[in-house]
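Accompanying notes for the structure given below.
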Amino acid sequence: MDEQAKGDGRDNARQAALDYHEFPKPGKLEIRATKPLANGRDLSRAYSPGVAEACLEIKADPATASRYTARGNLVAVVSNGTAVLGLGNIGALASKPVMEGKAVLFKKFANIDCFDIELNEPDPVKLAEIVCALEPTFGAINLEDIKAPDCFIVEKLCRERMNIPVFHDDQHGTAIVVGAAATNALLVAGKRFQDIKVVSTGGGAAGIACLNMLLNLGVKRENVWLCDLAGLVYEGRHDQMTAQKEAYAQGTTPATLDEVIAGADLFLGLSGPGVLTPAMVAKMAPRPIVFALANPTPEILPDQVRSVAPDAIIATGRSDFPNQVNNVLCFPFIFRGALDVGATEINKKMELACIEGIAALARATTSAEAAAAYSGEKLSFGADYLIPKPFDPRLIGVVATAVAKAAMESGVATRPIEDIDAYKRKLDGSVFKSALIMRPVFEASRAASRTIVFAEGEDERVLRAAHAMMEETNDIPVLIGRPEVVEMRCERAGLPIRPGQDVHLVNPENDPRYRDYWGTYHDLMARRGVSPDIARAVMRTNTTAIGAIMVHRGEADSLICGTFGQYHWHLNYIRQVLARGGLHPVGALSLMILEDGPLFIADTQVNPEPTPQQIMETVIGAARHVRRFGLVPKIALCTQSQFGNMDNSAAQRMRAALELLDAREPDFCYEGEMNVDSALDQSLRDRLLPNSRMEGAANVLVFASTDAAAASRNILKMKANGLEVGPILMGMGNKAHIVTPAITARGLLNISALAGTPVTHYG
């Protein structure tokens, strides 16, 4: 690439970044009300006179501020802009985009509200006084980008005077993530903290905090060698010294980095580019650990390290290399845990708990969500995967829970959590949107052990779902697929399961049951035009048919298929094999999890223009399945017609279905025919039909065509950020479910839990 092209690329990237900050409205933050303010009644409660009641409660008991105000979930990011990463002392105003960005990360990763506060105050004592005066407003303080040694002074004063957590992320956030990465790096290298020699460059806030943390983890003080621009920090040195550096003075004579690096197990760089050379790395101990964390250019590039030490374990501060030491792995979650227990400080025990949580998560199997966010990267524990990725949704549950527990154990929690397991489930539910509503289904699934066969057993999403099933349920996954392909894809995905050892496998190319399978299929289909040759070909090539035969023969309890292909193609083979003994596909029910609660949509797939009988069966099936989630069904029959004001085909079929339902006198609430807005808004419905049999909003919408149902489902997915659970194939006695190609690994786990619940659990 010529210099002109590079320059154009930089200009384009610069403009894109500026446009991101300017449009569609300036900045990255806004403030939104959490309560309605639509009329005089709302105004009287939000402000005068009703607001006085909350004020008086807080005056009587200050702890109630977390009940009646946002304080308990509000953090201030405070900076004077004297040490902005990569930019230096740019001043308070110029640092504002960085602080806004930090606030966005708090919200995105931990749902913590945040105000960025930039202060024109270079004096650390005065800066601390201003921060201390903010205590009534915030539940915690995040100090950011304050130069050393001023940052030490500010944090010390604030911690002494304030009764809320004060955390300088540049110091402690970096130290925690370095601690987690070092914990796992030593595990991979087969070394121990108490035995290693550490050589560090950079005596600033982050560097000193990292060394302090390594000592807390077991490194011996006499095995730490600190260098800066003036060389080794030694006793009696006067040039560029601080009290923090003096604590790590080693020896009494000057020395260079090149002289002290020999035999080092761990190099920790928080300085600048080019500080460490390949020749220095060559002097380090076998299997060296090199943390070159300077940004944007590290102390040494990974390929230079590997040129002299191919087995080195390397971390940087950059996202384009493995093992990025990124503070976002820490600060949102340590604050989440601290805020949730009303901690008065963030102490060492909480920091160590944070380290262990992060490190342990990297050693666990990578989540499907993280794998999707980092497509193409191998995310399995080892030298190139020491710490989890920031978009791993399990971080909040694992790390915040560990921090909250440590706060309680160390006595700094003012609002202890009684049920720590329930707290973790709630945190997981905040990122896994289906977790809360799926809980009763998973509990019912754990009450029995069922065998679930996956038709597309080579799909990575299926492999991840199968592994999760083995960890979270008692169900037994069976995969249809070629062993070598399944094993290769498990290895690539970092999954520990192996075919034939951890999971049952059906190989369509070579399985001892092949003769039995095609014979059974031929027996079922002989008078439907299927010859023995066709039966043999189907059982070699059609994994959906193979899975259906397994369920028919009693070798599996339920089939899951549909991760590729068209819904009705799969449905055809399920009908051929499993629609017997009174079972037949009734309809497809999709649960949409929305911001304001769950909403079920039917029939999204099975009957394009259902008859009144089919609509009635769909309504009855939907009611039965809604109860599986612990919900009371309220079902609306939806068309363009409103309670008889139109006479088209859809309206006629809906009215006929309503009559069929009335004749059966079912034990659940239903109403129709009506528009969707009438189904969801009682005030509108009351104007049209004051004596409606339904109260409140419907939670199930049954449509007169799959076009309408599927369109509604897709609109909710794409424009309302709805998460789908399903589709659930009703009427088949839980013997088969057909998913859609857009399904995720988490979605497959959810549908497997539904499939793993015996029919007796839901009627």
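In the structure tokens, the first chain shown is A, the next is B, and so on; residue numbers restart at 1 for each chain, and ligands run from 1 in the order shown.
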
Per-residue DSSP, stretch 526-667 of chain A, filtered to strand (DSSP E), as a list of chain:residue names: A:Ser558, A:Leu559, A:Ile560, A:Cys561, A:Gly587, A:Ala588, A:Leu589, A:Ser590, A:Leu591, A:Met592, A:Ile593, A:Leu594, A:Gly597, A:Pro598, A:Leu599, A:Phe600, A:Ile601, A:Ala602, A:Lys634, A:Ile635, A:Ala636, A:Leu637, A:Cys638

Could you write out, as an MDAnalysis selection string, all the residues of stretch 163-264 of chain A that DSSP marks as alpha helix (DSSP H)? chainID A and resid 169:189 205:216 243:246 257:260

For the interface of stretch 607-640 of chain A with stretch 436-459 of chain A (cut-off 7 Å, counting only C-alpha atoms), please tabulate each contacting residue of stretch 607-640 of chain A alongside its nearest pair of atoms and their separation in Å to one decimal, rows sorted by chain and increasing number, as JSON lines.
```
{"residue": "A:Arg628", "atom": "CA", "partner": "A:Val441", "partner_atom": "CA", "distance": 6.4}
{"residue": "A:Phe629", "atom": "CA", "partner": "A:Pro440", "partner_atom": "CA", "distance": 5.8}
{"residue": "A:Gly630", "atom": "CA", "partner": "A:Pro440", "partner_atom": "CA", "distance": 6.6}
```

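Of the listed residues (A:Gly547, A:Gly101, A:Phe152, A:Met732), A:Met732 comes nearest to A:Gly581; the distances count only C-alpha atoms.
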
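Comparing the minimum interatomic distances between A:Leu658 and each of A:Leu524, A:Ile635, A:Leu729, A:Cys330, counting only C-alpha atoms, we find that A:Ile635 sits nearest.
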
If we count only C-alpha atoms, what is near stretch 485-493 of chain A at a cut-off of 7 Å, once residues fewer than 3 positions away on the same chain are taken out, given as a PyMOL selection string? chain A and resi 378-379+458+460+463+481-482+497-499

From atom CA of A:Met718 to atom CA of A:Gln605 the spacing works out at 18.2 Å
